[in-house]
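Asks: Input file: data.cif. Contents: mmCIF, N, CA and C atoms and all ligand atoms.
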data_target
#
loop_
_atom_site.label_atom_id
_atom_site.label_comp_id
_atom_site.auth_asym_id
_atom_site.auth_seq_id
_atom_site.Cartn_x
_atom_site.Cartn_y
_atom_site.Cartn_z
N MET A 172 191.31 -81.66 35.80
CA MET A 172 190.66 -81.82 37.12
C MET A 172 191.10 -80.70 38.07
N PRO A 173 190.15 -80.03 38.68
CA PRO A 173 190.56 -79.02 39.66
C PRO A 173 191.15 -79.67 40.91
N HIS A 174 192.02 -78.94 41.56
CA HIS A 174 192.61 -79.43 42.80
C HIS A 174 191.90 -78.80 43.98
N LYS A 175 191.98 -79.49 45.11
CA LYS A 175 191.37 -78.95 46.32
C LYS A 175 192.39 -78.08 47.06
N VAL A 176 191.93 -76.94 47.52
CA VAL A 176 192.79 -76.04 48.27
C VAL A 176 192.17 -75.82 49.63
N LEU A 177 192.92 -76.10 50.67
CA LEU A 177 192.42 -75.93 52.03
C LEU A 177 193.08 -74.71 52.67
N ILE A 178 192.28 -73.78 53.15
CA ILE A 178 192.80 -72.65 53.91
C ILE A 178 192.83 -73.08 55.38
N GLU A 179 194.01 -73.30 55.89
CA GLU A 179 194.12 -73.86 57.25
C GLU A 179 193.54 -72.94 58.31
N ASP A 180 193.62 -71.63 58.09
CA ASP A 180 193.12 -70.68 59.10
C ASP A 180 191.63 -70.86 59.36
N THR A 181 190.90 -71.21 58.33
CA THR A 181 189.44 -71.27 58.46
C THR A 181 188.88 -72.66 58.19
N GLN A 182 189.76 -73.56 57.77
CA GLN A 182 189.35 -74.92 57.37
C GLN A 182 188.41 -74.89 56.18
N GLU A 183 188.42 -73.82 55.44
CA GLU A 183 187.60 -73.77 54.23
C GLU A 183 188.35 -74.40 53.07
N GLU A 184 187.58 -74.97 52.18
CA GLU A 184 188.18 -75.62 51.04
C GLU A 184 187.56 -75.05 49.77
N TYR A 185 188.37 -74.89 48.77
CA TYR A 185 187.79 -74.52 47.48
C TYR A 185 188.55 -75.27 46.39
N SER A 186 188.01 -75.26 45.21
CA SER A 186 188.71 -75.95 44.15
C SER A 186 189.33 -74.94 43.21
N CYS A 187 190.46 -75.31 42.66
CA CYS A 187 191.23 -74.40 41.83
C CYS A 187 191.82 -75.20 40.68
N ARG A 188 191.60 -74.72 39.48
CA ARG A 188 192.16 -75.43 38.32
C ARG A 188 193.65 -75.14 38.19
N GLU A 189 194.31 -76.00 37.41
CA GLU A 189 195.75 -75.82 37.24
C GLU A 189 196.10 -74.56 36.47
N ASP A 190 195.15 -74.09 35.67
CA ASP A 190 195.44 -72.87 34.90
C ASP A 190 194.92 -71.62 35.59
N GLN A 191 194.58 -71.76 36.87
CA GLN A 191 193.99 -70.65 37.62
C GLN A 191 194.91 -70.38 38.80
N HIS A 192 195.21 -69.13 39.08
CA HIS A 192 196.06 -68.91 40.25
C HIS A 192 195.25 -69.03 41.53
N LEU A 193 195.95 -69.26 42.61
CA LEU A 193 195.25 -69.56 43.86
C LEU A 193 194.38 -68.40 44.33
N LEU A 194 194.79 -67.19 43.99
CA LEU A 194 194.01 -66.03 44.42
C LEU A 194 192.63 -66.03 43.76
N ALA A 195 192.57 -66.43 42.50
CA ALA A 195 191.29 -66.46 41.79
C ALA A 195 190.32 -67.39 42.51
N GLY A 196 190.84 -68.51 42.97
CA GLY A 196 189.99 -69.43 43.71
C GLY A 196 189.50 -68.84 45.01
N MET A 197 190.35 -68.10 45.69
CA MET A 197 189.92 -67.46 46.94
C MET A 197 188.84 -66.43 46.67
N GLU A 198 189.03 -65.70 45.60
CA GLU A 198 188.01 -64.70 45.24
C GLU A 198 186.69 -65.38 44.94
N ALA A 199 186.79 -66.53 44.29
CA ALA A 199 185.58 -67.26 43.92
C ALA A 199 184.82 -67.76 45.14
N LEU A 200 185.51 -67.88 46.27
CA LEU A 200 184.84 -68.25 47.50
C LEU A 200 183.79 -67.21 47.86
N GLY A 201 184.02 -66.01 47.40
CA GLY A 201 183.01 -64.98 47.54
C GLY A 201 182.99 -64.27 48.87
N ARG A 202 184.00 -64.46 49.67
CA ARG A 202 184.06 -63.73 50.93
C ARG A 202 184.18 -62.24 50.65
N LYS A 203 183.29 -61.48 51.23
CA LYS A 203 183.36 -60.03 51.03
C LYS A 203 184.55 -59.46 51.77
N GLY A 204 185.15 -58.48 51.20
CA GLY A 204 186.17 -57.74 51.93
C GLY A 204 187.58 -58.25 51.75
N ILE A 205 187.77 -59.26 50.95
CA ILE A 205 189.15 -59.66 50.69
C ILE A 205 189.80 -58.58 49.83
N PRO A 206 190.85 -57.97 50.33
CA PRO A 206 191.48 -56.91 49.56
C PRO A 206 192.36 -57.49 48.48
N VAL A 207 191.82 -57.59 47.31
CA VAL A 207 192.61 -58.10 46.21
C VAL A 207 193.32 -56.92 45.59
N GLY A 208 194.59 -57.08 45.42
CA GLY A 208 195.39 -55.96 44.94
C GLY A 208 195.65 -56.03 43.46
N CYS A 209 196.91 -56.05 43.14
CA CYS A 209 197.33 -55.89 41.75
C CYS A 209 197.12 -57.14 40.91
N ARG A 210 197.04 -58.28 41.54
CA ARG A 210 196.97 -59.58 40.86
C ARG A 210 198.21 -59.86 40.00
N GLY A 211 199.24 -59.13 40.21
CA GLY A 211 200.41 -59.30 39.35
C GLY A 211 201.71 -59.45 40.10
N GLY A 212 201.64 -59.79 41.40
CA GLY A 212 202.86 -60.03 42.15
C GLY A 212 203.54 -58.77 42.65
N GLY A 213 202.84 -57.64 42.62
CA GLY A 213 203.51 -56.40 42.98
C GLY A 213 203.14 -55.78 44.31
N CYS A 214 201.99 -56.13 44.89
CA CYS A 214 201.54 -55.39 46.07
C CYS A 214 201.69 -56.18 47.37
N GLY A 215 201.70 -57.49 47.30
CA GLY A 215 201.96 -58.29 48.49
C GLY A 215 200.75 -58.60 49.36
N VAL A 216 199.56 -58.13 49.03
CA VAL A 216 198.42 -58.39 49.93
C VAL A 216 198.04 -59.87 49.97
N CYS A 217 198.38 -60.59 48.95
CA CYS A 217 197.88 -61.96 48.84
C CYS A 217 198.89 -62.99 49.33
N LYS A 218 199.79 -62.57 50.19
CA LYS A 218 200.86 -63.47 50.64
C LYS A 218 200.31 -64.65 51.44
N ILE A 219 200.79 -65.83 51.09
CA ILE A 219 200.35 -67.05 51.77
C ILE A 219 201.56 -67.94 52.03
N GLU A 220 201.37 -68.93 52.88
CA GLU A 220 202.40 -69.94 53.07
C GLU A 220 201.80 -71.28 52.67
N ILE A 221 202.43 -71.94 51.73
CA ILE A 221 201.96 -73.26 51.30
C ILE A 221 202.54 -74.28 52.28
N THR A 222 201.69 -75.00 52.95
CA THR A 222 202.19 -75.97 53.93
C THR A 222 202.29 -77.37 53.33
N SER A 223 201.54 -77.66 52.29
CA SER A 223 201.78 -78.91 51.56
C SER A 223 201.19 -78.82 50.17
N GLY A 224 201.74 -79.61 49.27
CA GLY A 224 201.24 -79.65 47.91
C GLY A 224 202.26 -79.15 46.90
N GLN A 225 201.98 -79.45 45.66
CA GLN A 225 202.86 -79.05 44.56
C GLN A 225 202.24 -77.85 43.85
N PHE A 226 203.10 -76.95 43.39
CA PHE A 226 202.58 -75.77 42.70
C PHE A 226 203.65 -75.22 41.77
N THR A 227 203.21 -74.41 40.84
CA THR A 227 204.16 -73.67 40.01
C THR A 227 204.05 -72.21 40.39
N LYS A 228 205.15 -71.48 40.30
CA LYS A 228 205.10 -70.07 40.66
C LYS A 228 205.84 -69.24 39.62
N ARG A 229 205.41 -68.04 39.52
CA ARG A 229 206.08 -67.10 38.62
C ARG A 229 206.89 -66.13 39.46
N VAL A 230 207.68 -65.34 38.80
CA VAL A 230 208.58 -64.44 39.52
C VAL A 230 207.81 -63.53 40.46
N MET A 231 208.32 -63.41 41.69
CA MET A 231 207.66 -62.58 42.69
C MET A 231 208.62 -61.49 43.14
N SER A 232 208.06 -60.35 43.51
CA SER A 232 208.89 -59.23 43.95
C SER A 232 209.60 -59.58 45.26
N ARG A 233 210.90 -59.35 45.30
CA ARG A 233 211.67 -59.58 46.54
C ARG A 233 211.28 -58.58 47.63
N ASP A 234 210.58 -57.53 47.26
CA ASP A 234 210.08 -56.60 48.29
C ASP A 234 209.06 -57.30 49.17
N HIS A 235 208.41 -58.33 48.64
CA HIS A 235 207.33 -58.97 49.37
C HIS A 235 207.69 -60.36 49.86
N VAL A 236 208.51 -61.07 49.11
CA VAL A 236 208.88 -62.43 49.51
C VAL A 236 210.40 -62.54 49.42
N SER A 237 211.05 -62.70 50.57
CA SER A 237 212.51 -62.84 50.56
C SER A 237 212.89 -64.26 50.15
N VAL A 238 214.17 -64.44 49.86
CA VAL A 238 214.65 -65.78 49.49
C VAL A 238 214.34 -66.77 50.61
N GLU A 239 214.61 -66.35 51.86
CA GLU A 239 214.37 -67.26 53.00
C GLU A 239 212.90 -67.62 53.11
N GLU A 240 212.04 -66.62 52.94
CA GLU A 240 210.60 -66.89 53.01
C GLU A 240 210.17 -67.84 51.90
N GLU A 241 210.71 -67.62 50.72
CA GLU A 241 210.32 -68.46 49.60
C GLU A 241 210.74 -69.91 49.87
N GLU A 242 211.89 -70.09 50.50
CA GLU A 242 212.33 -71.46 50.83
C GLU A 242 211.39 -72.13 51.81
N LYS A 243 210.73 -71.33 52.65
CA LYS A 243 209.78 -71.90 53.62
C LYS A 243 208.41 -72.14 53.01
N GLY A 244 208.22 -71.73 51.77
CA GLY A 244 206.93 -71.95 51.13
C GLY A 244 206.06 -70.71 51.05
N CYS A 245 206.63 -69.54 51.41
CA CYS A 245 205.85 -68.30 51.29
C CYS A 245 205.81 -67.86 49.83
N VAL A 246 204.63 -67.57 49.38
CA VAL A 246 204.46 -67.15 47.99
C VAL A 246 203.33 -66.13 47.92
N LEU A 247 203.17 -65.54 46.76
CA LEU A 247 202.04 -64.64 46.52
C LEU A 247 200.98 -65.44 45.77
N ALA A 248 199.79 -65.47 46.32
CA ALA A 248 198.73 -66.33 45.77
C ALA A 248 198.43 -66.01 44.31
N CYS A 249 198.63 -64.76 43.92
CA CYS A 249 198.32 -64.39 42.54
C CYS A 249 199.39 -64.84 41.57
N ARG A 250 200.47 -65.43 42.08
CA ARG A 250 201.56 -65.88 41.20
C ARG A 250 201.69 -67.39 41.18
N VAL A 251 200.78 -68.08 41.83
CA VAL A 251 200.96 -69.51 42.05
C VAL A 251 199.75 -70.29 41.52
N LYS A 252 200.07 -71.38 40.83
CA LYS A 252 199.01 -72.26 40.35
C LYS A 252 199.22 -73.65 40.92
N PRO A 253 198.14 -74.32 41.27
CA PRO A 253 198.28 -75.62 41.91
C PRO A 253 198.62 -76.73 40.93
N GLN A 254 199.42 -77.69 41.38
CA GLN A 254 199.72 -78.89 40.60
C GLN A 254 199.22 -80.14 41.32
N SER A 255 198.71 -79.94 42.51
CA SER A 255 198.16 -81.04 43.31
C SER A 255 197.23 -80.38 44.33
N ASP A 256 196.63 -81.17 45.20
CA ASP A 256 195.88 -80.56 46.29
C ASP A 256 196.85 -79.75 47.15
N ILE A 257 196.36 -78.65 47.70
CA ILE A 257 197.21 -77.69 48.40
C ILE A 257 196.62 -77.40 49.78
N ARG A 258 197.51 -77.21 50.74
CA ARG A 258 197.11 -76.64 52.03
C ARG A 258 197.88 -75.35 52.20
N LEU A 259 197.22 -74.32 52.69
CA LEU A 259 197.92 -73.05 52.83
C LEU A 259 197.45 -72.29 54.05
N LYS A 260 198.30 -71.34 54.46
CA LYS A 260 197.93 -70.39 55.51
C LYS A 260 198.01 -69.01 54.89
N VAL A 261 197.09 -68.16 55.28
CA VAL A 261 197.11 -66.80 54.77
C VAL A 261 197.96 -65.96 55.72
N ILE A 262 198.98 -65.30 55.19
CA ILE A 262 199.84 -64.52 56.08
C ILE A 262 199.93 -63.05 55.68
N GLY A 263 199.41 -62.68 54.55
CA GLY A 263 199.48 -61.29 54.12
C GLY A 263 198.33 -60.48 54.67
N LYS A 264 198.10 -59.35 54.06
CA LYS A 264 197.06 -58.43 54.54
C LYS A 264 195.66 -59.01 54.37
N MET A 265 195.55 -60.04 53.57
CA MET A 265 194.23 -60.66 53.41
C MET A 265 193.79 -61.40 54.66
N LYS A 266 194.76 -61.72 55.52
CA LYS A 266 194.45 -62.65 56.59
C LYS A 266 193.24 -62.24 57.43
N LYS A 267 193.24 -60.99 57.89
CA LYS A 267 192.14 -60.66 58.79
C LYS A 267 190.80 -60.68 58.08
N ASN A 268 190.83 -60.45 56.79
CA ASN A 268 189.58 -60.51 56.05
C ASN A 268 189.13 -61.94 55.80
N VAL A 269 190.10 -62.80 55.60
CA VAL A 269 189.77 -64.21 55.38
C VAL A 269 189.23 -64.81 56.67
N VAL A 270 189.91 -64.50 57.77
CA VAL A 270 189.55 -65.12 59.04
C VAL A 270 188.28 -64.49 59.61
N ARG A 271 188.14 -63.18 59.41
CA ARG A 271 186.94 -62.51 59.89
C ARG A 271 185.73 -63.08 59.14
N GLY A 272 184.64 -63.22 59.83
CA GLY A 272 183.46 -63.72 59.16
C GLY A 272 183.32 -65.23 59.33
N VAL A 273 184.41 -65.85 59.77
CA VAL A 273 184.34 -67.27 60.05
C VAL A 273 184.34 -67.46 61.57
N THR A 274 185.27 -66.76 62.22
CA THR A 274 185.31 -66.84 63.69
C THR A 274 184.15 -65.99 64.23
N LYS A 275 183.44 -66.51 65.16
CA LYS A 275 182.26 -65.80 65.67
C LYS A 275 182.63 -64.92 66.85
S1 LIG B 1 197.44 -59.31 44.44
FE1 LIG B 1 199.20 -58.00 44.49
S2 LIG B 1 200.82 -59.38 44.94
FE2 LIG B 1 199.10 -60.68 44.70
#
Spell out the structure here as C-alpha cells.
Ligand code: FES

Replies:
Amino acid sequence: MPHKVLIEDTQEEYSCREDQHLLAGMEALGRKGIPVGCRGGGCGVCKIEITSGQFTKRVMSRDHVSVEEEEKGCVLACRVKPQSDIRLKVIGKMKKNVVRGVTK
C-alpha cells in the first residue's frame, strides 16, 4: 500500500510506495522546475524536514545534513523511504520551486 505524503508548504499530497524514495514521489507530482540533483545523497538539493511519520533512511553526506539536523528530522528526500504516512517541509534548494506555482 502506498503511503500518503503531505508537503506542508503547499498542502499538496502525493502517494509514495515503501520501495520508492520520497523524491521520486515529488517528481511524480510533475511540478516543472524542481531541480532534481544527483538522486544519491550527494548534492543536497532535496533536503526536507520530516515533521511526522516513520521512514527509513540511508547514509547521507554530513556536508548536507549535520548530526543535529538529522536529530530534528532533516533528511535528503532521495535517501528516505516512507514506512507510514508522512508530513514534511521542503527546506533545500527545491523549496522555491515547490512553493512557486502554488502561491499566486
Ligand atoms: S538529489 Fe542530490 S542529495 Fe538528493

Asks: Using only N, CA and C atoms and all ligand atoms, find each protein or nucleic acid residue lying at most 5 Å from ligand LIG 1 (chain B); present the set as a list in words.

Replies: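 Within the 5 Å cut-off, the matching residues are Val207, Gly208, Cys209, Arg210, Gly211, Gly212, Gly213, Cys214, Gly215, Val216, Cys217 and Cys249 of chain A.
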
Asks: Please indicate the distance in Å from atom N of Pro173 of chain A to atom N of Phe226 of chain A, rounded to one decimal place.

Replies: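 That distance, rounded to one decimal, is 14.1 Å.
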
Asks: In Å to one decimal, how far is atom CA of Glu179 of chain A from atom CA of Ser237 of chain A?

Replies: 22.5 Å

Asks: Report, in Å to a single decimal, how far apart atom C of Gln182 of chain A and atom C of Ser255 of chain A are.

Replies: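 Computing it gives 15.8 Å between the two atoms.
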
Asks: Could you find all residues in chain A that DSSP calls strand (DSSP E) from the backbone, and write them as an MDAnalysis selection string?

Replies: chainID A and resid 174:178 183:187 218:223 226:228 245:247 251:253 257:261

Asks: Have a look at A:Ile257, A:Ile262, A:Ala199, A:Cys187 and name the one nearest to Ile219 of chain A; count all atoms listed in the file.

Replies: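 Under the stated criterion, the closest residue is A:Ile262.
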
Asks: Return the single residue from A:Ile178, A:Leu194, A:Arg188, A:Arg258 that is closest to Thr222 of chain A, with distances computed using only N, CA and C atoms.

Replies: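 Among the listed residues, the smallest separation from Thr222 of chain A belongs to A:Arg258.
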
Asks: Please determine, counting only C-alpha atoms, which residue among A:Met231, A:Gly196, A:Lys264, A:Val236 has the shortest atom-to-atom distance to Leu177 of chain A.

Replies: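 Using only C-alpha atoms, Leu177 of chain A sits closest to A:Gly196.
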
Asks: Which one is closest to Ala195 of chain A: A:Glu183, A:Lys175, A:Ala248, A:Lys228? Count all atoms listed in the file.

Replies: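 Using all atoms listed in the file, the shortest distance to Ala195 of chain A belongs to A:Ala248.
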
Asks: Neighbouring residues of Glu189 of chain A were defined as those with any atom within 7 Å, considering all atoms listed in the file; residues of the same chain fewer than 3 positions away were excluded. Please report them as a list in words.

Replies: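 What passes the distance filter is Met172, Pro173, His174, His192, Lys252, Pro253 and Gln254 of chain A.
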
Asks: Excluding same-chain residues fewer than 6 positions from Asp180 of chain A, what lies within 8 Å of it counting only N, CA and C atoms, as a PyMOL selection string?

Replies: chain A and resi 259-261+269-270

Asks: Can I get the selected residues back with N, CA and C atoms, as an mmCIF file, in the frame of the given file?

Replies:
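Heads up, here's the output in selection18.cif:
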data_model
loop_
_atom_site.group_PDB
_atom_site.id
_atom_site.type_symbol
_atom_site.label_atom_id
_atom_site.label_comp_id
_atom_site.auth_asym_id
_atom_site.auth_seq_id
_atom_site.Cartn_x
_atom_site.Cartn_y
_atom_site.Cartn_z
ATOM 1 N N LEU A 259 197.220 -74.320 52.690
ATOM 2 C CA LEU A 259 197.920 -73.050 52.830
ATOM 3 C C LEU A 259 197.450 -72.290 54.050
ATOM 4 N N LYS A 260 198.300 -71.340 54.460
ATOM 5 C CA LYS A 260 197.930 -70.390 55.510
ATOM 6 C C LYS A 260 198.010 -69.010 54.890
ATOM 7 N N VAL A 261 197.090 -68.160 55.280
ATOM 8 C CA VAL A 261 197.110 -66.800 54.770
ATOM 9 C C VAL A 261 197.960 -65.960 55.720
ATOM 10 N N VAL A 269 190.100 -62.800 55.600
ATOM 11 C CA VAL A 269 189.770 -64.210 55.380
ATOM 12 C C VAL A 269 189.230 -64.810 56.670
ATOM 13 N N VAL A 270 189.910 -64.500 57.770
ATOM 14 C CA VAL A 270 189.550 -65.120 59.040
ATOM 15 C C VAL A 270 188.280 -64.490 59.610
#

Asks: Just checking: using all atoms listed in the file, which residue out of A:Asp234, A:Glu239, A:Cys245, A:Lys218 ends up closest to Lys266 of chain A?

Replies: A:Lys218

Asks: Name the residues of segment 220-253 of chain A that come out as helix (DSSP H, G or I) in a backbone DSSP run; write them as an NGL selection string.

Replies: :A and (238-243 or 248-250)

Asks: Output N, CA and C atoms for every residue in the selection just made, as a PDB file, in the frame of the given file.

Replies:
ATOM      1  N   VAL A 238     214.170 -64.440  49.860  1.00  0.00           N
ATOM      2  CA  VAL A 238     214.650 -65.780  49.490  1.00  0.00           C
ATOM      3  C   VAL A 238     214.340 -66.770  50.610  1.00  0.00           C
ATOM      4  N   GLU A 239     214.610 -66.350  51.860  1.00  0.00           N
ATOM      5  CA  GLU A 239     214.370 -67.260  53.000  1.00  0.00           C
ATOM      6  C   GLU A 239     212.900 -67.620  53.110  1.00  0.00           C
ATOM      7  N   GLU A 240     212.040 -66.620  52.940  1.00  0.00           N
ATOM      8  CA  GLU A 240     210.600 -66.890  53.010  1.00  0.00           C
ATOM      9  C   GLU A 240     210.170 -67.840  51.900  1.00  0.00           C
ATOM     10  N   GLU A 241     210.710 -67.620  50.720  1.00  0.00           N
ATOM     11  CA  GLU A 241     210.320 -68.460  49.600  1.00  0.00           C
ATOM     12  C   GLU A 241     210.740 -69.910  49.870  1.00  0.00           C
ATOM     13  N   GLU A 242     211.890 -70.090  50.500  1.00  0.00           N
ATOM     14  CA  GLU A 242     212.330 -71.460  50.830  1.00  0.00           C
ATOM     15  C   GLU A 242     211.390 -72.130  51.810  1.00  0.00           C
ATOM     16  N   LYS A 243     210.730 -71.330  52.650  1.00  0.00           N
ATOM     17  CA  LYS A 243     209.780 -71.900  53.620  1.00  0.00           C
ATOM     18  C   LYS A 243     208.410 -72.140  53.010  1.00  0.00           C
ATOM     19  N   ALA A 248     199.790 -65.470  46.320  1.00  0.00           N
ATOM     20  CA  ALA A 248     198.730 -66.330  45.770  1.00  0.00           C
ATOM     21  C   ALA A 248     198.430 -66.010  44.310  1.00  0.00           C
ATOM     22  N   CYS A 249     198.630 -64.760  43.920  1.00  0.00           N
ATOM     23  CA  CYS A 249     198.320 -64.390  42.540  1.00  0.00           C
ATOM     24  C   CYS A 249     199.390 -64.840  41.570  1.00  0.00           C
ATOM     25  N   ARG A 250     200.470 -65.430  42.080  1.00  0.00           N
ATOM     26  CA  ARG A 250     201.560 -65.880  41.200  1.00  0.00           C
ATOM     27  C   ARG A 250     201.690 -67.390  41.180  1.00  0.00           C
TER      28      ARG A 250
END

Asks: Take every atom of segment 217-220 of chain A listed in the file, pad by 6 Å on each side, and give me the axis-aligned box centre and edge lengths in Å, one decimal, as AutoDock Vina command-line options.

Replies:
--center_x 200.1 --center_y -65.9 --center_z 51.0 --size_x 16.5 --size_y 22.7 --size_z 16.2

Asks: Pick from A:Asp190, A:Glu220, A:Asp256, A:Glu184: nearest to Glu242 of chain A, with only C-alpha atoms counted?

Replies: A:Glu220
